[in-house]
Structures are given as structure tokens and as C-alpha cells.
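*Asks:* This is start-v2.pdb, which holds PDB, C-alpha atoms:
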```pdb
ATOM      1  CA  MET D  31      -7.866   4.935  28.855
ATOM      2  CA  ASP D  32      -8.977   7.170  31.751
ATOM      3  CA  LEU D  33      -5.423   8.451  32.114
ATOM      4  CA  LEU D  34      -5.372   9.320  28.399
ATOM      5  CA  ASN D  35      -8.664  11.209  28.660
ATOM      6  CA  ASN D  36      -7.307  13.188  31.625
ATOM      7  CA  ARG D  37      -4.230  14.227  29.641
ATOM      8  CA  SER D  38      -6.026  15.030  26.370
ATOM      9  CA  SER D  39      -8.980  17.364  25.892
ATOM     10  CA  VAL D  40      -9.402  16.436  22.219
ATOM     11  CA  SER D  41     -12.172  13.924  21.529
ATOM     12  CA  GLU D  42     -12.195  14.365  17.750
ATOM     13  CA  PHE D  43     -10.115  15.766  14.906
ATOM     14  CA  ILE D  44     -11.236  18.071  12.100
ATOM     15  CA  LEU D  45     -10.117  17.072   8.596
ATOM     16  CA  LEU D  46      -9.614  19.910   6.099
ATOM     17  CA  GLY D  47      -9.770  17.668   3.031
ATOM     18  CA  LEU D  48      -8.563  18.689  -0.419
ATOM     19  CA  SER D  49     -10.739  21.741  -1.024
ATOM     20  CA  SER D  50     -13.318  23.946   0.663
ATOM     21  CA  SER D  51     -15.291  24.467  -2.564
ATOM     22  CA  GLN D  52     -18.512  22.431  -2.612
ATOM     23  CA  ASP D  53     -18.463  22.063  -6.406
ATOM     24  CA  ILE D  54     -14.897  20.756  -6.393
ATOM     25  CA  GLN D  55     -15.754  18.357  -3.574
ATOM     26  CA  ILE D  56     -18.619  16.908  -5.631
ATOM     27  CA  PHE D  57     -16.163  16.430  -8.489
ATOM     28  CA  PHE D  58     -13.685  14.705  -6.149
ATOM     29  CA  PHE D  59     -16.514  12.532  -4.791
ATOM     30  CA  ALA D  60     -17.255  11.213  -8.288
ATOM     31  CA  ILE D  61     -13.575  10.643  -9.122
ATOM     32  CA  PHE D  62     -12.678   8.946  -5.835
ATOM     33  CA  PHE D  63     -15.814   6.810  -5.917
ATOM     34  CA  LEU D  64     -14.956   5.513  -9.403
ATOM     35  CA  VAL D  65     -11.303   4.987  -8.429
ATOM     36  CA  TYR D  66     -12.272   3.006  -5.336
ATOM     37  CA  ILE D  67     -14.681   0.833  -7.342
ATOM     38  CA  GLY D  68     -11.803   0.203  -9.757
ATOM     39  CA  ILE D  69      -9.490  -0.720  -6.847
ATOM     40  CA  VAL D  70     -11.987  -3.212  -5.423
ATOM     41  CA  ILE D  71     -12.854  -4.833  -8.755
ATOM     42  CA  GLY D  72      -9.281  -4.916 -10.106
ATOM     43  CA  ASN D  73      -7.603  -6.334  -7.020
ATOM     44  CA  PHE D  74     -10.483  -8.721  -6.275
ATOM     45  CA  LEU D  75     -10.284 -10.138  -9.809
ATOM     46  CA  ILE D  76      -6.557 -10.823  -9.399
ATOM     47  CA  VAL D  77      -7.051 -12.561  -6.036
ATOM     48  CA  ILE D  78      -9.938 -14.712  -7.324
ATOM     49  CA  SER D  79      -8.144 -15.574 -10.573
ATOM     50  CA  VAL D  80      -5.024 -16.754  -8.736
ATOM     51  CA  ILE D  81      -7.047 -18.809  -6.245
ATOM     52  CA  PHE D  82      -9.273 -20.606  -8.766
ATOM     53  CA  ASP D  83      -6.986 -20.895 -11.809
ATOM     54  CA  SER D  84      -4.547 -23.783 -11.359
ATOM     55  CA  ARG D  85      -2.293 -22.351 -14.086
ATOM     56  CA  LEU D  86      -1.485 -19.441 -11.782
ATOM     57  CA  HIS D  87      -0.466 -21.587  -8.812
ATOM     58  CA  SER D  88       3.157 -20.442  -8.848
ATOM     59  CA  PRO D  89       5.260 -18.292  -6.477
ATOM     60  CA  MET D  90       5.034 -15.188  -8.674
ATOM     61  CA  TYR D  91       1.229 -15.218  -8.711
ATOM     62  CA  PHE D  92       1.095 -16.178  -5.045
ATOM     63  CA  PHE D  93       2.873 -12.907  -4.271
ATOM     64  CA  LEU D  94       0.761 -10.984  -6.791
ATOM     65  CA  ALA D  95      -2.494 -12.167  -5.179
ATOM     66  CA  ASN D  96      -1.249 -11.161  -1.741
ATOM     67  CA  LEU D  97      -0.082  -7.790  -3.071
ATOM     68  CA  SER D  98      -3.605  -7.198  -4.403
ATOM     69  CA  PHE D  99      -5.031  -8.181  -1.009
ATOM     70  CA  PHE D 100      -2.717  -5.698   0.736
ATOM     71  CA  ASP D 101      -3.712  -2.981  -1.771
ATOM     72  CA  LEU D 102      -7.379  -3.714  -1.187
ATOM     73  CA  CYS D 103      -6.943  -3.457   2.598
ATOM     74  CA  LEU D 104      -4.705  -0.372   2.448
ATOM     75  CA  SER D 105      -7.122   1.580   0.268
ATOM     76  CA  SER D 106     -10.122   0.516   2.378
ATOM     77  CA  VAL D 107      -8.717   1.904   5.641
ATOM     78  CA  ALA D 108      -9.516   5.539   4.845
ATOM     79  CA  THR D 109     -10.969   5.807   1.328
ATOM     80  CA  PRO D 110     -14.654   4.989   2.135
ATOM     81  CA  LYS D 111     -14.710   7.727   4.806
ATOM     82  CA  VAL D 112     -12.843  10.124   2.497
ATOM     83  CA  ILE D 113     -15.510   9.572  -0.179
ATOM     84  CA  ALA D 114     -18.341  10.113   2.305
ATOM     85  CA  ASP D 115     -16.652  13.261   3.672
ATOM     86  CA  PHE D 116     -16.755  14.899   0.240
ATOM     87  CA  LEU D 117     -20.522  15.162   0.774
ATOM     88  CA  ARG D 118     -20.154  16.660   4.255
ATOM     89  CA  LYS D 119     -19.512  20.291   5.093
ATOM     90  CA  HIS D 120     -17.898  19.465   8.441
ATOM     91  CA  LYS D 121     -15.405  16.606   8.257
ATOM     92  CA  THR D 122     -14.541  15.106  11.621
ATOM     93  CA  ILE D 123     -13.164  11.842  12.959
ATOM     94  CA  SER D 124     -13.166  10.594  16.551
ATOM     95  CA  PHE D 125      -9.928  10.356  18.500
ATOM     96  CA  TRP D 126      -9.888   6.556  18.422
ATOM     97  CA  GLY D 127     -11.067   6.494  14.821
ATOM     98  CA  CYS D 128      -8.046   8.619  13.933
ATOM     99  CA  MET D 129      -5.710   6.324  15.863
ATOM    100  CA  ALA D 130      -7.226   3.273  14.150
ATOM    101  CA  GLN D 131      -6.734   4.848  10.715
ATOM    102  CA  MET D 132      -3.043   5.482  11.383
ATOM    103  CA  PHE D 133      -2.520   2.019  12.884
ATOM    104  CA  PHE D 134      -3.979   0.142   9.925
ATOM    105  CA  MET D 135      -2.474   2.458   7.289
ATOM    106  CA  HIS D 136       1.014   1.685   8.585
ATOM    107  CA  PHE D 137       0.137  -1.951   9.278
ATOM    108  CA  PHE D 138      -0.854  -2.678   5.682
ATOM    109  CA  GLY D 139       1.700  -0.231   4.281
ATOM    110  CA  GLY D 140       4.558  -1.873   6.183
ATOM    111  CA  GLY D 141       3.289  -5.310   5.206
ATOM    112  CA  GLU D 142       3.138  -4.346   1.522
ATOM    113  CA  MET D 143       6.636  -2.922   1.701
ATOM    114  CA  SER D 144       7.932  -6.261   3.002
ATOM    115  CA  LEU D 145       5.907  -8.192   0.438
ATOM    116  CA  LEU D 146       7.467  -6.185  -2.398
ATOM    117  CA  ILE D 147      10.870  -7.255  -1.089
ATOM    118  CA  GLY D 148       9.659 -10.862  -1.113
ATOM    119  CA  MET D 149       8.539 -10.413  -4.721
ATOM    120  CA  ALA D 150      11.990  -9.064  -5.602
ATOM    121  CA  ILE D 151      13.596 -12.127  -3.998
ATOM    122  CA  ASP D 152      11.326 -14.364  -6.054
ATOM    123  CA  ARG D 153      12.264 -12.596  -9.300
ATOM    124  CA  TYR D 154      15.975 -12.629  -8.382
ATOM    125  CA  VAL D 155      15.945 -16.398  -7.869
ATOM    126  CA  ALA D 156      13.911 -16.942 -11.062
ATOM    127  CA  ILE D 157      16.281 -14.848 -13.191
ATOM    128  CA  CYS D 158      19.683 -15.418 -11.586
ATOM    129  CA  LYS D 159      19.249 -19.018 -10.337
ATOM    130  CA  PRO D 160      16.620 -20.535 -12.662
ATOM    131  CA  LEU D 161      17.783 -24.147 -12.241
ATOM    132  CA  HIS D 162      17.264 -23.980  -8.468
ATOM    133  CA  TYR D 163      14.091 -21.858  -8.568
ATOM    134  CA  LYS D 164      11.576 -24.565  -7.611
ATOM    135  CA  THR D 165      13.843 -25.880  -4.875
ATOM    136  CA  ILE D 166      14.499 -22.473  -3.308
ATOM    137  CA  MET D 167      11.033 -20.925  -3.704
ATOM    138  CA  ASN D 168       9.111 -23.842  -2.231
ATOM    139  CA  HIS D 169       5.771 -23.662  -0.409
ATOM    140  CA  LYS D 170       7.396 -23.353   3.026
ATOM    141  CA  VAL D 171       9.505 -20.381   1.932
ATOM    142  CA  LEU D 172       6.479 -18.642   0.408
ATOM    143  CA  ILE D 173       4.438 -18.982   3.604
ATOM    144  CA  MET D 174       7.416 -17.806   5.683
ATOM    145  CA  LEU D 175       7.873 -14.674   3.527
ATOM    146  CA  LEU D 176       4.143 -13.922   3.718
ATOM    147  CA  LEU D 177       4.033 -14.324   7.498
ATOM    148  CA  LEU D 178       7.149 -12.169   7.743
ATOM    149  CA  SER D 179       5.357  -9.424   5.794
ATOM    150  CA  TRP D 180       2.440  -9.435   8.247
ATOM    151  CA  MET D 181       4.853  -9.476  11.196
ATOM    152  CA  VAL D 182       6.909  -6.567   9.852
ATOM    153  CA  GLY D 183       3.722  -4.574   9.245
ATOM    154  CA  PHE D 184       2.569  -5.168  12.819
ATOM    155  CA  ILE D 185       5.949  -4.283  14.371
ATOM    156  CA  HIS D 186       6.279  -1.250  12.093
ATOM    157  CA  THR D 187       2.946   0.275  13.131
ATOM    158  CA  THR D 188       2.987  -0.793  16.786
ATOM    159  CA  SER D 189       6.437   0.708  17.425
ATOM    160  CA  GLN D 190       5.081   4.121  16.398
ATOM    161  CA  MET D 191       1.469   3.988  17.575
ATOM    162  CA  ILE D 192       2.300   2.839  21.093
ATOM    163  CA  PHE D 193       3.854   6.271  21.688
ATOM    164  CA  THR D 194       1.359   8.280  19.603
ATOM    165  CA  VAL D 195      -1.737   7.044  21.473
ATOM    166  CA  GLY D 196      -0.339   8.365  24.759
ATOM    167  CA  LEU D 197       0.329  11.901  23.487
ATOM    168  CA  PRO D 198      -1.671  14.738  25.055
ATOM    169  CA  PHE D 199      -3.763  16.815  22.629
ATOM    170  CA  CYS D 200      -5.076  20.113  23.967
ATOM    171  CA  ASP D 201      -6.765  22.631  21.671
ATOM    172  CA  ASP D 202      -5.356  22.227  18.159
ATOM    173  CA  ASN D 203      -7.237  19.376  16.470
ATOM    174  CA  VAL D 204      -7.189  20.429  12.789
ATOM    175  CA  VAL D 205      -5.539  17.908  10.429
ATOM    176  CA  ASP D 206      -4.623  19.376   7.046
ATOM    177  CA  SER D 207      -5.459  16.242   5.076
ATOM    178  CA  MET D 208      -8.329  13.957   4.061
ATOM    179  CA  PHE D 209      -7.414  11.341   6.664
ATOM    180  CA  CYS D 210      -5.254  11.001   9.756
ATOM    181  CA  ASP D 211      -1.574  10.607   8.999
ATOM    182  CA  LEU D 212       1.113  10.124  11.617
ATOM    183  CA  PRO D 213       3.313  13.222  11.044
ATOM    184  CA  LEU D 214       0.300  15.549  10.811
ATOM    185  CA  VAL D 215      -1.306  14.251  14.015
ATOM    186  CA  ILE D 216       1.947  14.183  15.995
ATOM    187  CA  LYS D 217       2.488  17.894  15.211
ATOM    188  CA  LEU D 218      -0.798  18.683  17.004
ATOM    189  CA  ALA D 219       0.337  17.272  20.365
ATOM    190  CA  CYS D 220       0.839  19.844  23.130
ATOM    191  CA  THR D 221       4.177  18.424  24.258
ATOM    192  CA  ASP D 222       7.709  17.990  22.934
ATOM    193  CA  THR D 223       7.582  15.320  20.216
ATOM    194  CA  TYR D 224      11.175  15.570  18.952
ATOM    195  CA  ASN D 225      12.104  11.995  19.910
ATOM    196  CA  LEU D 226       8.902  10.613  18.394
ATOM    197  CA  GLU D 227       9.542  12.589  15.198
ATOM    198  CA  LEU D 228      12.979  10.975  14.949
ATOM    199  CA  LEU D 229      11.366   7.554  15.445
ATOM    200  CA  VAL D 230       8.913   8.203  12.600
ATOM    201  CA  ILE D 231      11.715   9.384  10.310
ATOM    202  CA  ALA D 232      13.804   6.302  11.111
ATOM    203  CA  ASN D 233      10.930   3.821  11.134
ATOM    204  CA  SER D 234       8.993   5.032   8.099
ATOM    205  CA  GLY D 235      11.184   7.391   6.095
ATOM    206  CA  LEU D 236      14.670   5.925   6.412
ATOM    207  CA  LEU D 237      13.399   2.340   6.256
ATOM    208  CA  SER D 238      11.445   3.105   3.077
ATOM    209  CA  LEU D 239      14.447   4.820   1.498
ATOM    210  CA  ILE D 240      16.859   1.966   2.348
ATOM    211  CA  CYS D 241      14.437  -0.697   1.085
ATOM    212  CA  PHE D 242      13.837   1.306  -2.090
ATOM    213  CA  ILE D 243      17.576   1.625  -2.797
ATOM    214  CA  LEU D 244      18.212  -2.080  -2.091
ATOM    215  CA  LEU D 245      15.340  -3.061  -4.370
ATOM    216  CA  LEU D 246      16.642  -0.854  -7.180
ATOM    217  CA  ILE D 247      20.121  -2.391  -6.825
ATOM    218  CA  SER D 248      18.671  -5.899  -6.979
ATOM    219  CA  TYR D 249      16.659  -4.973 -10.077
ATOM    220  CA  ILE D 250      19.780  -3.561 -11.749
ATOM    221  CA  VAL D 251      21.551  -6.879 -11.100
ATOM    222  CA  MET D 252      18.598  -8.740 -12.628
ATOM    223  CA  LEU D 253      18.491  -6.426 -15.647
ATOM    224  CA  VAL D 254      22.196  -7.018 -16.274
ATOM    225  CA  THR D 255      21.613 -10.780 -16.053
ATOM    226  CA  ILE D 256      18.728 -10.557 -18.527
ATOM    227  CA  TRP D 257      20.832  -8.418 -20.899
ATOM    228  CA  LYS D 258      23.474 -11.148 -21.012
ATOM    229  CA  HIS D 259      20.891 -13.757 -22.023
ATOM    230  CA  SER D 260      18.969 -12.558 -25.075
ATOM    231  CA  SER D 261      16.106 -14.990 -25.695
ATOM    232  CA  SER D 262      12.323 -15.179 -25.701
ATOM    233  CA  ALA D 263      12.398 -16.263 -22.027
ATOM    234  CA  SER D 264      14.549 -13.238 -21.209
ATOM    235  CA  SER D 265      12.088 -10.986 -23.026
ATOM    236  CA  LYS D 266       9.240 -12.342 -20.881
ATOM    237  CA  ALA D 267      11.344 -11.901 -17.732
ATOM    238  CA  LEU D 268      12.125  -8.314 -18.744
ATOM    239  CA  SER D 269       8.420  -7.549 -19.203
ATOM    240  CA  THR D 270       7.606  -8.979 -15.756
ATOM    241  CA  LEU D 271      10.545  -7.197 -14.163
ATOM    242  CA  SER D 272       9.602  -3.835 -15.678
ATOM    243  CA  ALA D 273       6.150  -4.201 -14.095
ATOM    244  CA  HIS D 274       7.781  -4.894 -10.708
ATOM    245  CA  ILE D 275      10.051  -1.857 -11.026
ATOM    246  CA  THR D 276       7.087   0.374 -11.912
ATOM    247  CA  VAL D 277       5.036  -0.824  -8.935
ATOM    248  CA  VAL D 278       7.967  -0.476  -6.504
ATOM    249  CA  THR D 279       8.668   3.070  -7.717
ATOM    250  CA  LEU D 280       5.005   4.073  -7.428
ATOM    251  CA  PHE D 281       4.789   2.704  -3.882
ATOM    252  CA  PHE D 282       8.139   3.725  -2.396
ATOM    253  CA  GLY D 283       8.569   7.068  -4.207
ATOM    254  CA  PRO D 284       5.733   9.042  -2.554
ATOM    255  CA  ALA D 285       6.074   7.202   0.785
ATOM    256  CA  THR D 286       9.810   7.971   0.986
ATOM    257  CA  PHE D 287       9.255  11.648   0.168
ATOM    258  CA  ILE D 288       6.508  12.010   2.785
ATOM    259  CA  TYR D 289       8.142  10.113   5.657
ATOM    260  CA  ALA D 290      11.833  10.935   5.096
ATOM    261  CA  PHE D 291      10.973  14.622   5.660
ATOM    262  CA  PRO D 292       7.650  14.266   7.479
ATOM    263  CA  PHE D 293       7.680  17.358   9.678
ATOM    264  CA  ASN D 294       8.414  19.939   7.004
ATOM    265  CA  SER D 295       5.313  21.509   5.541
ATOM    266  CA  TYR D 296       4.930  20.728   1.855
ATOM    267  CA  SER D 297       1.578  21.261   0.161
ATOM    268  CA  VAL D 298       2.448  18.442  -2.238
ATOM    269  CA  ASP D 299       2.450  15.956   0.678
ATOM    270  CA  LYS D 300      -1.348  15.966   0.745
ATOM    271  CA  PHE D 301      -1.529  14.841  -2.865
ATOM    272  CA  LEU D 302       1.320  12.335  -2.493
ATOM    273  CA  SER D 303      -0.495  10.707   0.440
ATOM    274  CA  VAL D 304      -3.540  10.368  -1.817
ATOM    275  CA  PHE D 305      -1.311   8.855  -4.499
ATOM    276  CA  TYR D 306       0.221   6.025  -2.473
ATOM    277  CA  SER D 307      -2.951   5.220  -0.530
ATOM    278  CA  ILE D 308      -5.496   5.408  -3.365
ATOM    279  CA  ILE D 309      -3.922   5.760  -6.822
ATOM    280  CA  THR D 310      -1.187   3.122  -6.404
ATOM    281  CA  PRO D 311      -3.653   0.364  -5.346
ATOM    282  CA  LEU D 312      -5.550   1.128  -8.575
ATOM    283  CA  LEU D 313      -2.475   1.177 -10.807
ATOM    284  CA  ASN D 314      -0.981  -2.071  -9.466
ATOM    285  CA  PRO D 315      -3.635  -4.426 -10.910
ATOM    286  CA  ILE D 316      -3.695  -2.427 -14.158
ATOM    287  CA  ILE D 317       0.091  -2.669 -14.563
ATOM    288  CA  TYR D 318       0.283  -6.386 -13.765
ATOM    289  CA  THR D 319      -2.756  -7.234 -15.884
ATOM    290  CA  LEU D 320      -1.731  -5.260 -18.954
ATOM    291  CA  ARG D 321       1.874  -6.491 -18.816
ATOM    292  CA  ASN D 322       1.016 -10.127 -18.141
ATOM    293  CA  GLN D 323      -0.598 -12.306 -20.802
ATOM    294  CA  GLU D 324      -1.196 -15.205 -18.392
ATOM    295  CA  MET D 325      -3.120 -12.968 -15.988
ATOM    296  CA  LYS D 326      -5.255 -11.538 -18.787
ATOM    297  CA  ALA D 327      -5.998 -15.060 -20.026
ATOM    298  CA  ALA D 328      -6.897 -16.209 -16.501
ATOM    299  CA  ILE D 329      -9.344 -13.314 -16.038
ATOM    300  CA  LYS D 330     -10.948 -14.143 -19.403
ATOM    301  CA  ARG D 331     -11.304 -17.793 -18.351
ATOM    302  CA  LEU D 332     -12.833 -16.676 -15.051
ATOM    303  CA  PHE D 333     -15.467 -14.604 -16.865
ATOM    304  CA  SER D 334     -16.113 -17.384 -19.383
ATOM    305  CA  LYS D 335     -16.766 -19.901 -16.596
ATOM    306  CA  ARG D 336     -19.009 -17.478 -14.719
ATOM    307  CA  ILE D 337     -21.026 -16.583 -17.829
ATOM    308  CA  GLY D 338     -21.240 -20.264 -18.755
ATOM    309  CA  SER D 339     -22.592 -21.182 -15.323
ATOM    310  CA  TRP D 340     -25.189 -18.399 -15.547
ATOM    311  CA  LEU D 341     -26.381 -19.624 -18.968
ATOM    312  CA  THR D 342     -26.704 -23.252 -17.872
ATOM    313  CA  SER D 343     -28.436 -22.468 -14.576
TER     314      SER D 343
END
```
Show how you would write the structure in this file as C-alpha cells.
*Replies:*
Amino acid sequence: MDLLNNRSSVSEFILLGLSSSQDIQIFFFAIFFLVYIGIVIGNFLIVISVIFDSRLHSPMYFFLANLSFFDLCLSSVATPKVIADFLRKHKTISFWGCMAQMFFMHFFGGGEMSLLIGMAIDRYVAICKPLHYKTIMNHKVLIMLLLLSWMVGFIHTTSQMIFTVGLPFCDDNVVDSMFCDLPLVIKLACTDTYNLELLVIANSGLLSLICFILLLISYIVMLVTIWKHSSSASSKALSTLSAHITVVTLFFGPATFIYAFPFNSYSVDKFLSVFYSIITPLLNPIIYTLRNQEMKAAIKRLFSKRIGSWLTS
């Protein structure tokens, strides 16, 4: 740590945020505060419903509960500070606070990316190999896929942050965003970062793009399979699958755009980073709840039990 301090004269970073207007920042404070409350309540309800409702103890809902947990963690890395910063004139973050933000953003982001692939595998087996579904998607496989998601997230972030932490930062410490993001911080280093930029493009951008394309191909295969079997079960599978496709597109679309071309300056990047880190975690529970009758029924049962316990106590 002493060596790092000797190489870098920057002890904190200045965050520019979304706007310099105080009135607009108050407006953003209200919007982001409400969105974050919605994220916490929506994702927490899904996790609790899956845990306590025995009717939801299936692989699909196992993945859905873990997706909600990832969304809750991902949005909580930076959003509380972003909300508080809307009320501050000078927005700053310490050097190690910035590094921690980037580490956990990519940790949970990489983990969620892997989990979405696991969810696609689950849907593929359910639709294309329904007779072997329970045998293939057993408890051991579910735990393995979940642990793999956490492992991929850790490897994904560590492989980038281990080089970023050691970069020297001299005078430029202004980050044109609401929170620290890897490409924006790397550009501030007072040394040649070409090799690290290539690593970020390959690790975050190219990996996201490849996973996105593979997921879309797998969903096309599943849609073709559903089209060949017109029945009420196929209609239910199509509804579930359309929710998966929507969530995957919302997550991978902005992330791929930002990290496939991370070192070109696009003003839209700031808003896309807000989208995948804040808006997507809000939309995921809404999409899965509105498109899933079993989840809506489980949430209603959860409220009924809670209200019933309050009345009898």
C-alpha cells in the first residue's frame, strides 16, 4: 500500500454526476430514491416468496431468487451513495472507495451474467428435454451452477482490478459519471494503459457480446421448439421464455455497448451505466412478477399470511 501511495498522488476522485443544476439534482434525488426503494422491495419480495413458499421450490424459481439477490447487491454497490450525492454540491469518493465500487460492480455484474446463462440452460432443458428435466436439473447441478456464477464473478473482477489498483494517478481525478466505472477511471491514469484497455474490452465487452449472442441463439432454438408444439404448456413456456429474453436484453444490451467500446467518449454511456446498474434491477422483478401467475399468487399468499399473523397477534 505504501508503494501505491508513493506512485499515486490522488487520494480521492471527483464525480461529476448527471447534472450541475441544483434543481435537476433534487429531481433526480426523488426519482432515484423511489427507484431504489422499488428495487429493494421488489427483489426482496421475490427472494422471500421463493424461500418460504414450497410451491416455488423448483429450479426456475431457485434461479429467479438468486437473480433478484444479485440485482439487489448490484444496485446497492453505488446507488445509496449516488442518491446521497444528489444533495451534495461537491461529490467525491476516496481512492479505495472508488476501487471497492468497481470491484463489487464487476463482481456482481459478472456473477449475474453467468447466472443468466444458467437460467437459459434450465429453460433449454425444460423445453427441449422435458422428460429428463428433473433428472438433469437436480439439486447438485443447481448448486454447482450457482457456485460457478459466484466464481466467474470473482475471477472476472479480480483479473481487471488487480492491474487497476496498481495504476499511478497524478493530477487528473475527475470522473465524468455518478460512480466509479472501470474505463473512466483507467483513462485518468498517468501511464500507458493500452494493454489494460485491451483486457477490459476482452474481459467485459467481448465476453458480454459473446454470451449475449449465444443466449439469443439458444432462445431461438427454444422458440422453434415451442412453435412446433402448440399447446397450453407451450403457451406458458413461451410466456416464461419471453420474460427471460427481455431480461437478458436489458442486462446485456447496455453492458455490451459500454464495455465493447469502453474508451471512446459517448455521452450516452453515462445514462446506459445508470440503466444496467439501477433501472434493470428494478425492471427484472416487475417483468417476472407480471408475466408469472405463480409468482403473483405466491406474493399474495405471503401478504395474506403476514396480515393474518398481525391480526391474530
*Asks:* Output as CSV one row per residue of stretch 66-147 of chain D within 10 Å of stretch 207-223 of chain D: the closest atom pair and its distance in Å to one decimal place, counting only C-alpha atoms, sorted by chain and residue number ascending.
*Replies:*
```
residue,atom,partner,partner_atom,distance
D:Val107,CA,D:Phe209,CA,9.6
D:Ala108,CA,D:Phe209,CA,6.4
D:Thr109,CA,D:Phe209,CA,8.5
D:Lys111,CA,D:Phe209,CA,8.4
D:Val112,CA,D:Met208,CA,6.1
D:Ile113,CA,D:Met208,CA,9.4
D:Asp115,CA,D:Met208,CA,8.4
D:Phe116,CA,D:Met208,CA,9.3
D:Lys121,CA,D:Met208,CA,8.6
D:Thr122,CA,D:Phe209,CA,9.5
D:Ile123,CA,D:Phe209,CA,8.5
D:Phe125,CA,D:Cys210,CA,9.9
D:Gly127,CA,D:Cys210,CA,8.9
D:Cys128,CA,D:Cys210,CA,5.6
D:Met129,CA,D:Cys210,CA,7.7
D:Ala130,CA,D:Cys210,CA,9.1
D:Gln131,CA,D:Cys210,CA,6.4
D:Met132,CA,D:Asp211,CA,5.8
D:Phe133,CA,D:Leu212,CA,9.0
D:Met135,CA,D:Asp211,CA,8.4
D:His136,CA,D:Leu212,CA,9.0
```
*Asks:* Would you give me, as a Markdown table, each residue of stretch 162-280 of chain D having an atom within 6 Å of an atom of stretch 141-146 of chain D, along with its shortest atom pair and that distance in Å to one decimal, using only C-alpha atoms and sorting by chain and residue number?
*Replies:*
```
| residue | atom | partner | partner_atom | distance |
| --- | --- | --- | --- | --- |
| D:Ser179 | CA | D:Gly141 | CA | 4.6 |
| D:Trp180 | CA | D:Gly141 | CA | 5.2 |
| D:Gly183 | CA | D:Gly141 | CA | 4.1 |
```
*Asks:* Can you work out the spacing between atom CA of D:His186 and atom CA of D:Gly47 in Å, to one decimal?
*Replies:*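 For atom CA of D:His186 relative to atom CA of D:Gly47, the distance reads 26.4 Å.
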*Asks:* How many Å separate atom CA of D:Ala60 from atom CA of D:Cys103?
*Replies:*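 Separation between atom CA of D:Ala60 and atom CA of D:Cys103: 21.0 Å.
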*Asks:* Just the number, please: distance in Å from atom CA of D:Leu226 to atom CA of D:Lys300, one decimal.
*Replies:*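 The value is 21.1 Å.
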*Asks:* How big is the axis-aligned box around the listed atoms of stretch 110-126 of chain D once 8 Å is added on each side, and where is its centre? Give both in Å to one decimal, as AutoDock Vina command-line options.
*Replies:*
```
--center_x -15.2 --center_y 12.6 --center_z 9.2 --size_x 26.6 --size_y 31.3 --size_z 34.7
```
*Asks:* Restricting the calculation to all atoms listed in the file, which member of D:Pro110, D:Pro311, D:Gly148, D:Pro89 is positioned closest to D:Ser248?
*Replies:*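 The closest residue to D:Ser248 is D:Gly148.
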*Asks:* Report the residues retrieved by the PyMOL selection byres ((chain D and resi 151) around 12) from the displayed file, expressed as JSON, numbers by chain.
*Replies:* {"D": [89, 90, 93, 144, 145, 146, 147, 148, 149, 150, 152, 153, 154, 155, 156, 157, 158, 159, 163, 166, 167, 171, 172, 175, 244, 245, 248, 249, 251, 252, 271, 274]}
*Asks:* Looking at D:Leu75, D:Ala114, D:Ile173, D:Ile288, which one is nearest to D:Gln55, with distances taken over all atoms listed in the file?
*Replies:*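 Between D:Leu75, D:Ala114, D:Ile173, D:Ile288, the residue approaching D:Gln55 most closely is D:Ala114.
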*Asks:* On this structure, the PyMOL selection byres ((chain D and resi 239) around 9) would catch which residues? List them as a list in words, sorted by chain and number.
*Replies:* Ser234, Gly235, Leu236, Leu237, Ser238, Ile240, Cys241, Phe242, Ile243, Leu244, Phe282, Gly283, Ala285, Thr286, Phe287 and Ala290 of chain D
*Asks:* Considering all atoms listed in the file, return as a PyMOL selection string whatever protein or nucleic-acid residues lie within 10 Å of D:Leu280, sequence-local ones (same chain, fewer than 4 positions apart) excluded.
*Replies:* chain D and resi 274-276+284-285+305-306+309-311+313-314
